[in-house]
$ cat upload27.txt   # compact mmCIF, C-alpha atoms
# COMPACT_ATOMS: atom_id res chain seq x y z
CA MET C 1 -61.81 13.56 1.78
CA CYS C 2 -60.89 17.26 1.55
CA THR C 3 -61.26 19.27 -1.62
CA ILE C 4 -58.01 20.96 -2.65
CA ARG C 5 -58.02 24.15 -4.70
CA THR C 6 -55.67 23.66 -7.61
CA ALA C 7 -53.10 25.60 -9.56
CA PRO C 8 -53.84 26.39 -13.25
CA SER C 9 -53.55 22.88 -14.66
CA GLY C 10 -55.92 21.48 -12.00
CA ALA C 11 -55.97 18.20 -10.05
CA GLY C 12 -58.53 15.67 -9.00
CA GLY C 13 -59.73 15.17 -12.55
CA ARG C 14 -59.63 12.18 -14.87
CA GLY C 15 -56.15 10.69 -15.07
CA ASP C 16 -54.79 12.45 -11.96
CA HIS C 17 -53.03 10.55 -9.17
CA PHE C 18 -55.25 9.06 -6.48
CA PRO C 19 -54.64 11.12 -3.28
CA PHE C 20 -54.70 8.31 -0.71
CA ASP C 21 -53.38 8.15 2.90
CA PRO C 22 -51.71 11.60 2.86
CA GLY C 23 -48.83 12.79 5.02
CA VAL C 24 -47.66 16.42 5.29
CA LEU C 25 -44.27 17.99 6.05
CA VAL C 26 -43.75 21.68 6.82
CA ASP C 27 -40.05 22.14 6.08
CA ASP C 28 -37.61 24.39 7.91
CA ASP C 29 -37.98 27.06 5.20
CA GLY C 30 -41.77 27.02 5.55
CA SER C 31 -42.43 25.07 2.36
CA VAL C 32 -45.30 22.56 2.59
CA TRP C 33 -45.10 19.09 1.04
CA LEU C 34 -47.95 16.62 0.66
CA TYR C 35 -47.16 12.92 0.15
CA SER C 36 -49.81 10.38 -0.81
CA GLY C 37 -50.61 7.46 -3.09
CA LEU C 38 -51.66 3.87 -3.42
CA TYR C 39 -50.37 0.66 -4.98
CA LEU C 40 -52.96 -1.50 -6.69
CA THR C 41 -52.57 -4.29 -9.19
CA THR C 42 -55.07 -2.67 -11.52
CA SER C 43 -54.06 0.23 -13.75
CA ALA C 44 -56.50 2.72 -12.24
CA ILE C 45 -59.13 3.13 -9.56
CA LEU C 46 -62.67 4.37 -10.11
CA THR C 47 -63.68 6.96 -7.50
CA GLY C 48 -66.86 8.93 -7.90
CA GLY C 49 -66.90 8.25 -11.61
CA VAL C 50 -63.38 9.70 -12.09
CA ASN C 51 -60.65 7.43 -13.41
CA LEU C 52 -57.58 8.09 -11.23
CA LYS C 53 -54.00 6.85 -11.49
CA ASN C 54 -52.56 4.60 -8.80
CA GLU C 55 -48.97 4.32 -9.93
CA GLY C 56 -47.48 4.59 -6.44
CA GLY C 57 -46.43 7.31 -4.00
CA THR C 58 -46.40 10.95 -5.06
CA VAL C 59 -45.38 14.35 -3.69
CA MET C 60 -46.66 17.84 -4.42
CA GLU C 61 -45.80 21.21 -2.91
CA LEU C 62 -48.67 23.20 -1.42
CA GLU C 63 -49.08 26.92 -0.88
CA GLN C 64 -49.01 28.23 2.68
CA ASP C 65 -52.79 27.86 2.97
CA MET C 66 -52.29 24.08 2.63
CA LEU C 67 -55.23 24.05 0.21
CA THR C 68 -53.74 25.27 -3.06
CA ILE C 69 -51.40 23.07 -5.08
CA LYS C 70 -48.15 24.89 -5.93
CA THR C 71 -46.49 22.16 -8.02
CA GLU C 72 -47.83 19.25 -10.02
CA PRO C 73 -47.92 15.81 -8.32
CA LYS C 74 -44.65 13.98 -8.91
CA LEU C 75 -44.27 10.21 -8.78
CA LEU C 76 -41.62 9.46 -6.15
CA PHE C 77 -42.22 5.82 -5.29
CA PRO C 78 -43.38 3.85 -8.35
CA LYS C 79 -45.09 0.55 -7.68
CA GLU C 80 -42.95 -1.18 -10.30
CA GLY C 81 -40.04 -0.66 -12.66
CA PRO C 82 -37.08 1.75 -12.24
CA GLY C 83 -37.14 3.58 -8.93
CA SER C 84 -39.28 0.99 -7.15
CA TYR C 85 -37.88 -1.00 -4.25
CA PRO C 86 -37.93 -4.69 -5.28
CA ASN C 87 -39.86 -6.87 -2.81
CA HIS C 88 -40.64 -3.78 -0.70
CA GLU C 89 -42.48 -1.60 -3.20
CA PHE C 90 -44.62 1.29 -1.97
CA PHE C 91 -48.23 0.39 -1.12
CA GLU C 92 -49.81 3.14 1.03
CA ALA C 93 -49.59 5.04 4.35
CA SER C 94 -47.23 7.91 3.48
CA SER C 95 -45.53 9.38 6.57
CA ILE C 96 -42.68 11.87 6.39
CA ARG C 97 -40.18 13.17 8.97
CA LYS C 98 -37.06 15.32 8.81
CA ASP C 99 -34.01 14.68 10.98
CA GLY C 100 -31.33 17.32 10.55
CA ASP C 101 -30.79 17.46 6.81
CA THR C 102 -32.26 14.00 6.16
CA TYR C 103 -35.82 13.39 5.00
CA ILE C 104 -37.16 10.05 6.25
CA PHE C 105 -40.18 8.67 4.42
CA VAL C 106 -42.10 5.83 6.10
CA TYR C 107 -44.61 3.73 4.17
CA SER C 108 -46.47 0.43 4.13
CA SER C 109 -45.04 -1.90 1.48
CA ARG C 110 -46.90 -4.13 -0.97
CA HIS C 111 -46.64 -6.91 1.64
CA ASN C 112 -48.99 -4.77 3.71
CA HIS C 113 -47.78 -6.14 7.08
CA GLU C 114 -44.55 -4.13 7.20
CA LEU C 115 -43.48 -0.50 7.47
CA CYS C 116 -40.39 0.43 5.48
CA TYR C 117 -38.43 3.63 5.07
CA ALA C 118 -36.43 5.57 2.50
CA THR C 119 -34.16 8.61 2.95
CA SER C 120 -33.09 11.62 0.91
CA ASP C 121 -31.37 14.98 1.28
CA ARG C 122 -34.30 16.76 -0.40
CA PRO C 123 -38.08 16.49 0.00
CA ASP C 124 -39.07 15.93 -3.61
CA GLY C 125 -36.76 13.20 -4.91
CA GLY C 126 -33.61 11.13 -4.55
CA PHE C 127 -35.02 8.76 -1.93
CA VAL C 128 -32.97 5.62 -1.25
CA TYR C 129 -34.54 2.52 0.28
CA GLY C 130 -33.43 1.95 3.87
CA GLY C 131 -35.12 -1.28 4.99
CA THR C 132 -37.95 -2.69 7.06
CA LEU C 133 -38.72 -0.87 10.31
CA VAL C 134 -41.29 -3.33 11.66
CA SER C 135 -43.51 -6.18 10.46
CA ILE C 136 -46.52 -7.19 12.56
CA GLY C 137 -45.50 -10.82 12.00
CA ASP C 138 -41.72 -10.26 12.29
CA LEU C 139 -41.32 -11.17 8.61
CA PHE C 140 -37.91 -10.28 7.10
CA LEU C 141 -36.42 -10.41 10.59
CA ASP C 142 -33.51 -12.88 10.63
CA GLY C 143 -34.24 -13.73 6.99
CA ASN C 144 -37.70 -15.23 7.53
CA GLU C 145 -39.95 -14.47 4.52
CA ASP C 146 -42.43 -17.34 4.93
CA GLU C 147 -45.80 -15.79 5.84
CA LYS C 148 -47.02 -19.08 7.35
CA LYS C 149 -44.13 -18.82 9.82
CA GLY C 150 -44.98 -15.30 10.90
CA THR C 151 -45.14 -14.66 14.62
CA ASN C 152 -48.61 -13.10 14.48
CA TYR C 153 -51.61 -12.88 12.16
CA LEU C 154 -50.98 -10.68 9.16
CA GLY C 155 -52.89 -7.70 7.82
CA ASN C 156 -52.18 -4.13 6.84
CA THR C 157 -50.32 -1.68 9.03
CA HIS C 158 -49.86 2.09 9.06
CA GLY C 159 -47.64 4.22 11.24
CA GLY C 160 -44.78 6.65 11.62
CA LEU C 161 -41.57 7.56 13.41
CA LEU C 162 -41.16 9.52 16.63
CA HIS C 163 -37.83 10.98 17.73
CA LEU C 164 -38.01 11.56 21.48
CA GLY C 165 -34.83 12.75 23.16
CA GLU C 166 -32.12 10.31 22.11
CA ASP C 167 -34.58 7.56 21.25
CA TRP C 168 -36.53 6.58 18.13
CA TYR C 169 -39.85 4.75 18.10
CA ILE C 170 -41.95 3.21 15.36
CA PHE C 171 -45.73 3.32 15.80
CA TYR C 172 -47.83 0.76 13.91
CA HIS C 173 -51.02 -1.27 14.26
CA ARG C 174 -52.11 -4.90 14.21
CA GLN C 175 -55.54 -6.51 13.76
CA THR C 176 -58.03 -7.94 16.26
CA ASN C 177 -61.40 -9.67 15.92
CA ARG C 178 -60.32 -11.57 12.79
CA HIS C 179 -60.99 -8.36 10.87
CA SER C 180 -58.78 -6.11 8.79
CA TYR C 181 -60.45 -2.94 10.09
CA SER C 182 -60.27 -3.73 13.82
CA ARG C 183 -56.90 -2.16 14.50
CA GLN C 184 -54.86 -1.94 17.68
CA ALA C 185 -52.09 0.65 18.04
CA CYS C 186 -48.63 -0.61 19.04
CA VAL C 187 -45.13 0.85 19.37
CA GLU C 188 -41.57 -0.49 19.40
CA LYS C 189 -38.28 1.19 20.18
CA LEU C 190 -35.86 1.35 17.25
CA VAL C 191 -32.10 0.96 17.21
CA ARG C 192 -30.37 3.48 14.96
CA ASN C 193 -26.94 2.59 13.64
CA PRO C 194 -23.99 5.03 13.62
CA ASP C 195 -24.48 5.52 9.86
CA GLY C 196 -28.05 6.73 10.43
CA SER C 197 -29.81 3.56 9.27
CA PHE C 198 -32.38 1.75 11.41
CA ARG C 199 -32.48 -1.90 12.41
CA GLN C 200 -35.76 -3.73 12.03
CA ALA C 201 -37.61 -3.76 15.35
CA GLU C 202 -38.78 -7.04 16.83
CA VAL C 203 -42.43 -7.03 17.84
CA THR C 204 -42.62 -7.25 21.64
CA SER C 205 -45.04 -6.82 24.53
CA CYS C 206 -42.95 -4.02 26.05
CA GLY C 207 -44.29 -1.00 24.18
CA LEU C 208 -43.07 2.19 25.89
CA ASN C 209 -41.95 0.36 29.04
CA GLY C 210 -38.32 1.28 28.35
CA GLY C 211 -37.09 -2.28 28.83
CA PRO C 212 -38.29 -5.76 29.77
CA LEU C 213 -41.42 -6.17 31.87
CA ARG C 214 -41.14 -7.09 35.53
CA GLY C 215 -40.77 -10.81 36.10
CA THR C 216 -43.47 -10.87 38.76
CA GLY C 217 -47.08 -9.76 38.77
CA ARG C 218 -50.26 -10.14 36.75
CA TYR C 219 -50.48 -9.58 33.00
CA GLU C 220 -53.40 -9.68 30.62
CA ALA C 221 -53.12 -12.13 27.74
CA ARG C 222 -54.01 -9.35 25.29
CA ILE C 223 -50.44 -8.03 25.47
CA ALA C 224 -49.18 -11.13 23.64
CA CYS C 225 -46.92 -10.09 20.78
CA ASN C 226 -46.85 -13.57 19.22
CA LEU C 227 -49.85 -15.72 18.39
CA TRP C 228 -50.15 -18.73 16.12
CA SER C 229 -51.95 -22.05 15.66
CA ARG C 230 -50.54 -25.50 15.04
CA ASP C 231 -50.80 -24.62 11.33
CA GLY C 232 -49.03 -21.29 11.64
CA VAL C 233 -50.78 -17.98 10.92
CA GLU C 234 -53.16 -16.57 8.32
CA ARG C 235 -53.81 -13.21 6.71
CA VAL C 236 -56.88 -11.41 8.01
CA ASP C 237 -57.48 -9.49 4.77
CA VAL C 238 -58.50 -12.40 2.54
CA SER C 239 -61.86 -13.82 1.48
CA GLY C 240 -63.47 -16.66 3.44
CA LEU C 241 -61.68 -15.54 6.58
CA ARG C 242 -64.09 -17.03 9.15
CA ARG C 243 -63.73 -20.43 7.52
CA ARG C 244 -59.95 -20.12 7.25
CA MET C 245 -59.65 -18.93 10.86
CA LYS C 246 -61.90 -21.61 12.34
CA GLY C 247 -58.95 -23.41 13.92
CA HIS C 248 -56.94 -20.31 14.83
CA PRO C 249 -56.70 -18.18 17.98
CA TYR C 250 -57.41 -14.45 17.82
CA PHE C 251 -57.58 -11.29 19.93
CA THR C 252 -61.12 -10.19 20.75
CA GLN C 253 -63.38 -8.90 23.55
CA THR C 254 -66.86 -9.41 24.92
CA GLY C 255 -69.37 -7.34 22.97
CA GLY C 256 -68.46 -5.10 20.08
CA ASP C 257 -65.08 -3.61 19.27
CA ARG C 258 -64.73 -0.33 21.16
CA GLU C 259 -62.26 2.28 22.35
CA GLY C 260 -63.01 2.24 26.09
CA ASP C 261 -63.97 -0.22 28.80
CA GLY C 262 -62.17 -3.02 27.01
CA ASP C 263 -61.79 -6.58 28.28
CA GLN C 264 -59.68 -8.02 25.51
CA TYR C 265 -58.53 -11.64 25.62
CA ILE C 266 -57.25 -14.41 23.35
CA ALA C 267 -60.09 -16.61 22.06
CA ASN C 268 -60.16 -20.06 20.50
CA MET C 269 -56.79 -21.46 21.49
CA GLN C 270 -57.01 -24.98 20.13
CA ALA C 271 -54.49 -27.81 20.32
CA ASP C 272 -50.89 -26.55 20.05
CA ALA C 273 -51.86 -22.89 19.73
CA VAL C 274 -49.17 -20.62 21.20
CA ALA C 275 -49.30 -17.14 22.72
CA GLY C 276 -45.90 -15.48 23.19
CA PHE C 277 -44.86 -12.55 25.38
CA LYS C 278 -41.51 -10.68 25.11
CA TYR C 279 -39.69 -9.89 27.33
CA PHE C 280 -39.58 -10.38 31.11
CA ASP C 281 -36.80 -9.78 33.63
CA LEU C 282 -37.22 -13.09 35.45
CA ARG C 283 -35.73 -13.35 38.92
CA HIS C 284 -36.47 -16.27 41.25
CA VAL C 285 -39.82 -17.04 39.62
CA THR C 286 -41.22 -20.24 41.09
CA GLY C 287 -44.91 -20.13 40.18
CA VAL C 288 -47.29 -19.26 37.36
CA ALA C 289 -51.09 -19.07 37.21
CA VAL C 290 -53.34 -18.78 34.16
CA ARG C 291 -56.90 -17.47 33.95
CA VAL C 292 -58.81 -19.39 31.28
CA LYS C 293 -62.17 -20.89 30.43
CA GLY C 294 -63.29 -23.63 28.05
CA ASP C 295 -62.37 -27.25 27.60
CA GLY C 296 -59.97 -29.06 29.85
CA GLY C 297 -56.39 -29.88 28.99
CA THR C 298 -52.97 -28.53 29.86
CA MET C 299 -51.26 -25.15 29.53
CA GLN C 300 -47.51 -25.45 29.05
CA VAL C 301 -45.04 -22.61 29.57
CA SER C 302 -41.59 -22.32 27.98
CA ASP C 303 -38.95 -19.73 27.20
CA THR C 304 -38.49 -21.14 23.69
CA PRO C 305 -41.08 -21.04 20.87
CA THR C 306 -40.40 -24.70 20.06
CA PHE C 307 -40.94 -25.75 23.70
CA ARG C 308 -37.58 -27.45 23.69
CA THR C 309 -37.83 -27.23 27.46
CA VAL C 310 -41.09 -26.92 29.42
CA ALA C 311 -40.84 -24.68 32.48
CA ALA C 312 -44.39 -25.33 33.74
CA SER C 313 -47.30 -27.65 32.94
CA ILE C 314 -50.66 -26.59 34.37
CA PRO C 315 -53.69 -28.95 34.34
CA LEU C 316 -56.95 -27.27 33.27
CA LYS C 317 -60.50 -28.34 34.07
CA PRO C 318 -63.50 -27.84 31.76
CA THR C 319 -65.43 -24.71 32.77
CA GLN C 320 -67.84 -22.24 31.22
CA ASP C 321 -66.62 -19.42 33.46
CA TYR C 322 -63.11 -18.08 33.93
CA ALA C 323 -61.06 -19.88 36.55
CA GLU C 324 -57.45 -19.69 37.69
CA TYR C 325 -55.10 -22.65 37.62
CA HIS C 326 -51.68 -22.71 39.25
CA GLY C 327 -48.45 -24.53 38.59
CA ARG C 328 -44.81 -24.55 39.61
CA MET C 329 -42.33 -22.80 37.34
CA ASN C 330 -38.81 -24.11 36.82
CA ILE C 331 -36.98 -21.45 34.82
CA GLU C 332 -33.57 -19.81 35.05
CA ASP C 333 -33.20 -16.12 35.86
CA GLY C 334 -32.65 -13.73 33.00
CA VAL C 335 -34.37 -11.56 30.41
CA LYS C 336 -36.53 -14.06 28.57
CA PRO C 337 -39.68 -14.47 26.50
CA LEU C 338 -42.52 -16.63 27.76
CA TYR C 339 -44.66 -18.84 25.52
CA PHE C 340 -47.95 -20.45 26.58
CA ARG C 341 -49.10 -23.53 24.61
CA TYR C 342 -52.48 -25.18 24.97
CA ARG C 343 -52.60 -28.98 24.78
CA GLY C 344 -56.04 -30.53 24.68
CA ALA C 345 -58.87 -31.85 22.52
CA GLY C 346 -61.03 -28.72 22.61
CA ALA C 347 -60.40 -24.97 22.87
CA ILE C 348 -59.89 -22.37 25.59
CA ASP C 349 -60.08 -18.60 25.99
CA PHE C 350 -56.99 -17.11 27.65
CA ALA C 351 -57.53 -13.95 29.73
CA ALA C 352 -54.48 -13.45 31.96
CA PHE C 353 -51.49 -14.96 33.75
CA GLU C 354 -49.54 -14.22 36.91
CA LEU C 355 -45.87 -14.83 37.76
CA THR C 356 -44.83 -15.37 41.37
$ encode --input "upload27.txt" --output "structure tokens"
Amino acid sequence: MCTIRTAPSGAGGRGDHFPFDPGVLVDDDGSVWLYSGLYLTTSAILTGGVNLKNEGGTVMELEQDMLTIKTEPKLLFPKEGPGSYPNHEFFEASSIRKDGDTYIFVYSSRHNHELCYATSDRPDGGFVYGGTLVSIGDLFLDGNEDEKKGTNYLGNTHGGLLHLGEDWYIFYHRQTNRHSYSRQACVEKLVRNPDGSFRQAEVTSCGLNGGPLRGTGRYEARIACNLWSRDGVERVDVSGLRRRMKGHPYFTQTGGDREGDGDQYIANMQADAVAGFKYFDLRHVTGVAVRVKGDGGTMQVSDTPTFRTVAASIPLKPTQDYAEYHGRMNIEDGVKPLYFRYRGAGAIDFAAFELT
């Protein structure tokens, strides 16, 4: 944490706001604004023996050296009461952008798994809640607020907006390794409405592809955007996680978590676990192969999450090493998701699939 030289009244002392997850904006006129803060259920947080406030998100203006505080911290996004955003209150991860004359503030809400935004015509107040930009479990999309029915395992997320040409993107992260601090960066394209508001992005496997993935070729299972067990999903930031996740699939790799030389796969797919991939431009696909290891059983493929129709059913043999198994695919052309469901008495690890 950096030490900031303060204006006459000082900062960083007992009773000051906790400067957490900062974001900085250098405005068109050269003014410098620092946004930070944290939502906690307790009234204060003890850091280095100093009792600090954690009332929500704050802003302060800095001098040009970006070290000296020019104005006192001001509470912009209270965690409760007037000025808070009911059901989407500020939690952490302040990120600020300016588009024309509009200031766009992105933050992680108290739900932790979503990034929301608020807008204003000035940098130090008047922000109006805009909505959810993305949730790593697609919560709040199409009215779904049931965490158990999330499309992926839930934990915290941080991120920000990028305006590139005519397009807008939201960057965020999800968790791997059944651990809140193993974080994988992701990105989705946003749709901006004529009135300047953003629609919530659906979590996909497409990233910066610019459209659906090709409907032929080999894909690693790690690009799954949806993952759940027969009992739905869990949060990865709760106590007793290994016990709670015993029957759940998860993203992991051989060896320790690392930046390079990765070989990520989906581990521990037990009966009725589903891995979903969105979206593919399917044209005349007649075959599918999966690369798995573990207990025998069947891998089913469908373009619906409920497996209302099954496009392929691939028998699997028990094996301790990865092997490929092939099946015929009966699926109509079109831009579609693909869901892979394991049926069996044991568990498998899922490394890759190929469409032909």
$ residues_around --input "upload27.txt" --residues "region 119-130 of chain C" --least-positions-apart "2" --cutoff "7 Å" --atoms "all atoms listed in the file" --output "NGL selection string"
:C and (59 or 76 or 85 or 101-105 or 117 or 197)
$ residues_near_point --input "upload27.txt" --point "(-46.6, -0.2, 19.5)" --cutoff "7 Å" --atoms "all atoms listed in the file" --output "CSV table (one decimal) with C-alpha atoms, in the coordinates of the input"
chain,number,residue,atom,x,y,z
C,171,PHE,CA,-45.7,3.3,15.8
C,172,TYR,CA,-47.8,0.8,13.9
C,173,HIS,CA,-51.0,-1.3,14.3
C,185,ALA,CA,-52.1,0.6,18.0
C,186,CYS,CA,-48.6,-0.6,19.0
C,187,VAL,CA,-45.1,0.8,19.4
C,188,GLU,CA,-41.6,-0.5,19.4
C,207,GLY,CA,-44.3,-1.0,24.2
$ atom_distance --input "upload27.txt" --atom1 "CA of Ile314 (chain C)" --atom2 "CA of Arg174 (chain C)"
29.6 Å
$ atom_distance --input "upload27.txt" --atom1 "CA of Leu115 (chain C)" --atom2 "CA of Thr176 (chain C)"
18.6 Å
$ closest_residue --input "upload27.txt" --among "C:Phe140, C:Phe280, C:Asp295, C:Val310" --to "Asn209 (chain C)" --atoms "all atoms listed in the file"
C:Phe280
$ atom_distance --input "upload27.txt" --atom1 "CA of Gly56 (chain C)" --atom2 "CA of Leu162 (chain C)"
24.4 Å
$ closest_residue --input "upload27.txt" --among "C:Asp16, C:Asp27, C:Asp21, C:Asp167" --to "Pro73 (chain C)" --atoms "all atoms listed in the file"
C:Asp16
$ residues_around --input "upload27.txt" --residues "His158 (chain C)" --least-positions-apart "3" --cutoff "12 Å" --atoms "only C-alpha atoms" --output "ChimeraX atom specification"
/C:21-23,91-95,106-109,112-116,133-136,155,161,170-175,181,183-187
$ residues_around --input "upload27.txt" --residues "Asn177 (chain C)" --least-positions-apart "3" --cutoff "12 Å" --atoms "all atoms listed in the file" --output "count of residues only"
30
$ residues_around --input "upload27.txt" --residues "Lys53 (chain C)" --least-positions-apart "5" --cutoff "6 Å" --atoms "all atoms listed in the file" --output "MDAnalysis selection string"
chainID C and resid 15:18 44
$ residues_around --input "upload27.txt" --residues "Thr298 (chain C)" --least-positions-apart "6" --cutoff "6 Å" --atoms "only C-alpha atoms" --output "list in words"
Ile314, Pro315, Leu316, Tyr342 and Arg343 of chain C
$ axis_aligned_box --input "upload27.txt" --around "region 31-41 of chain C" --padding-each-side "6 Å" --output "AutoDock Vina command-line options"
--center_x -47.7 --center_y 10.4 --center_z -3.3 --size_x 22.5 --size_y 41.4 --size_z 23.8
$ decode --input "upload27.txt" --residues "region 265-281 of chain C" --atoms "N, CA, C and O atoms" --output "mmCIF file, in the first residue's frame"
data_model
loop_
_atom_site.group_PDB
_atom_site.id
_atom_site.type_symbol
_atom_site.label_atom_id
_atom_site.label_comp_id
_atom_site.auth_asym_id
_atom_site.auth_seq_id
_atom_site.Cartn_x
_atom_site.Cartn_y
_atom_site.Cartn_z
ATOM 1 N N TYR C 265 -7.936 -27.848 -17.086
ATOM 2 C CA TYR C 265 -9.001 -28.767 -17.479
ATOM 3 C C TYR C 265 -10.115 -28.690 -16.432
ATOM 4 O O TYR C 265 -9.992 -27.997 -15.410
ATOM 5 N N ILE C 266 -11.199 -29.401 -16.692
ATOM 6 C CA ILE C 266 -12.303 -29.487 -15.729
ATOM 7 C C ILE C 266 -12.169 -30.802 -14.978
ATOM 8 O O ILE C 266 -12.168 -31.870 -15.579
ATOM 9 N N ALA C 267 -12.059 -30.732 -13.661
ATOM 10 C CA ALA C 267 -11.876 -31.916 -12.826
ATOM 11 C C ALA C 267 -13.176 -32.285 -12.132
ATOM 12 O O ALA C 267 -14.065 -31.451 -11.929
ATOM 13 N N ASN C 268 -13.283 -33.565 -11.781
ATOM 14 C CA ASN C 268 -14.326 -34.054 -10.882
ATOM 15 C C ASN C 268 -15.746 -33.860 -11.410
ATOM 16 O O ASN C 268 -16.651 -33.483 -10.665
ATOM 17 N N MET C 269 -15.947 -34.149 -12.675
ATOM 18 C CA MET C 269 -17.321 -34.152 -13.195
ATOM 19 C C MET C 269 -17.988 -35.454 -12.763
ATOM 20 O O MET C 269 -17.663 -36.534 -13.256
ATOM 21 N N GLN C 270 -18.889 -35.339 -11.811
ATOM 22 C CA GLN C 270 -19.630 -36.492 -11.322
ATOM 23 C C GLN C 270 -20.993 -36.551 -12.003
ATOM 24 O O GLN C 270 -21.302 -35.741 -12.883
ATOM 25 N N ALA C 271 -21.809 -37.496 -11.608
ATOM 26 C CA ALA C 271 -23.077 -37.756 -12.285
ATOM 27 C C ALA C 271 -23.895 -36.483 -12.460
ATOM 28 O O ALA C 271 -24.148 -35.755 -11.493
ATOM 29 N N ASP C 272 -24.282 -36.211 -13.698
ATOM 30 C CA ASP C 272 -25.135 -35.091 -14.096
ATOM 31 C C ASP C 272 -24.448 -33.739 -14.021
ATOM 32 O O ASP C 272 -25.105 -32.696 -14.135
ATOM 33 N N ALA C 273 -23.136 -33.703 -13.837
ATOM 34 C CA ALA C 273 -22.411 -32.445 -13.955
ATOM 35 C C ALA C 273 -22.433 -31.983 -15.404
ATOM 36 O O ALA C 273 -22.374 -32.793 -16.333
ATOM 37 N N VAL C 274 -22.502 -30.665 -15.606
ATOM 38 C CA VAL C 274 -22.630 -30.095 -16.951
ATOM 39 C C VAL C 274 -21.567 -29.019 -17.156
ATOM 40 O O VAL C 274 -21.360 -28.158 -16.296
ATOM 41 N N ALA C 275 -20.914 -29.061 -18.314
ATOM 42 C CA ALA C 275 -20.024 -27.998 -18.768
ATOM 43 C C ALA C 275 -20.631 -27.406 -20.030
ATOM 44 O O ALA C 275 -20.933 -28.134 -20.986
ATOM 45 N N GLY C 276 -20.818 -26.078 -20.049
ATOM 46 C CA GLY C 276 -21.456 -25.412 -21.177
ATOM 47 C C GLY C 276 -20.518 -24.459 -21.888
ATOM 48 O O GLY C 276 -19.673 -23.799 -21.260
ATOM 49 N N PHE C 277 -20.674 -24.373 -23.213
ATOM 50 C CA PHE C 277 -19.823 -23.541 -24.060
ATOM 51 C C PHE C 277 -20.726 -22.721 -24.980
ATOM 52 O O PHE C 277 -21.569 -23.267 -25.675
ATOM 53 N N LYS C 278 -20.522 -21.398 -25.022
ATOM 54 C CA LYS C 278 -21.339 -20.501 -25.846
ATOM 55 C C LYS C 278 -20.405 -19.544 -26.585
ATOM 56 O O LYS C 278 -19.543 -18.947 -25.954
ATOM 57 N N TYR C 279 -20.607 -19.391 -27.839
ATOM 58 C CA TYR C 279 -21.512 -20.020 -28.788
ATOM 59 C C TYR C 279 -20.687 -20.528 -29.953
ATOM 60 O O TYR C 279 -19.573 -20.081 -30.183
ATOM 61 N N PHE C 280 -21.283 -21.419 -30.771
ATOM 62 C CA PHE C 280 -20.614 -21.954 -31.947
ATOM 63 C C PHE C 280 -21.485 -21.713 -33.181
ATOM 64 O O PHE C 280 -22.710 -21.811 -33.113
ATOM 65 N N ASP C 281 -20.825 -21.431 -34.305
ATOM 66 C CA ASP C 281 -21.508 -21.336 -35.589
ATOM 67 C C ASP C 281 -21.459 -22.723 -36.222
ATOM 68 O O ASP C 281 -20.527 -23.064 -36.952
#
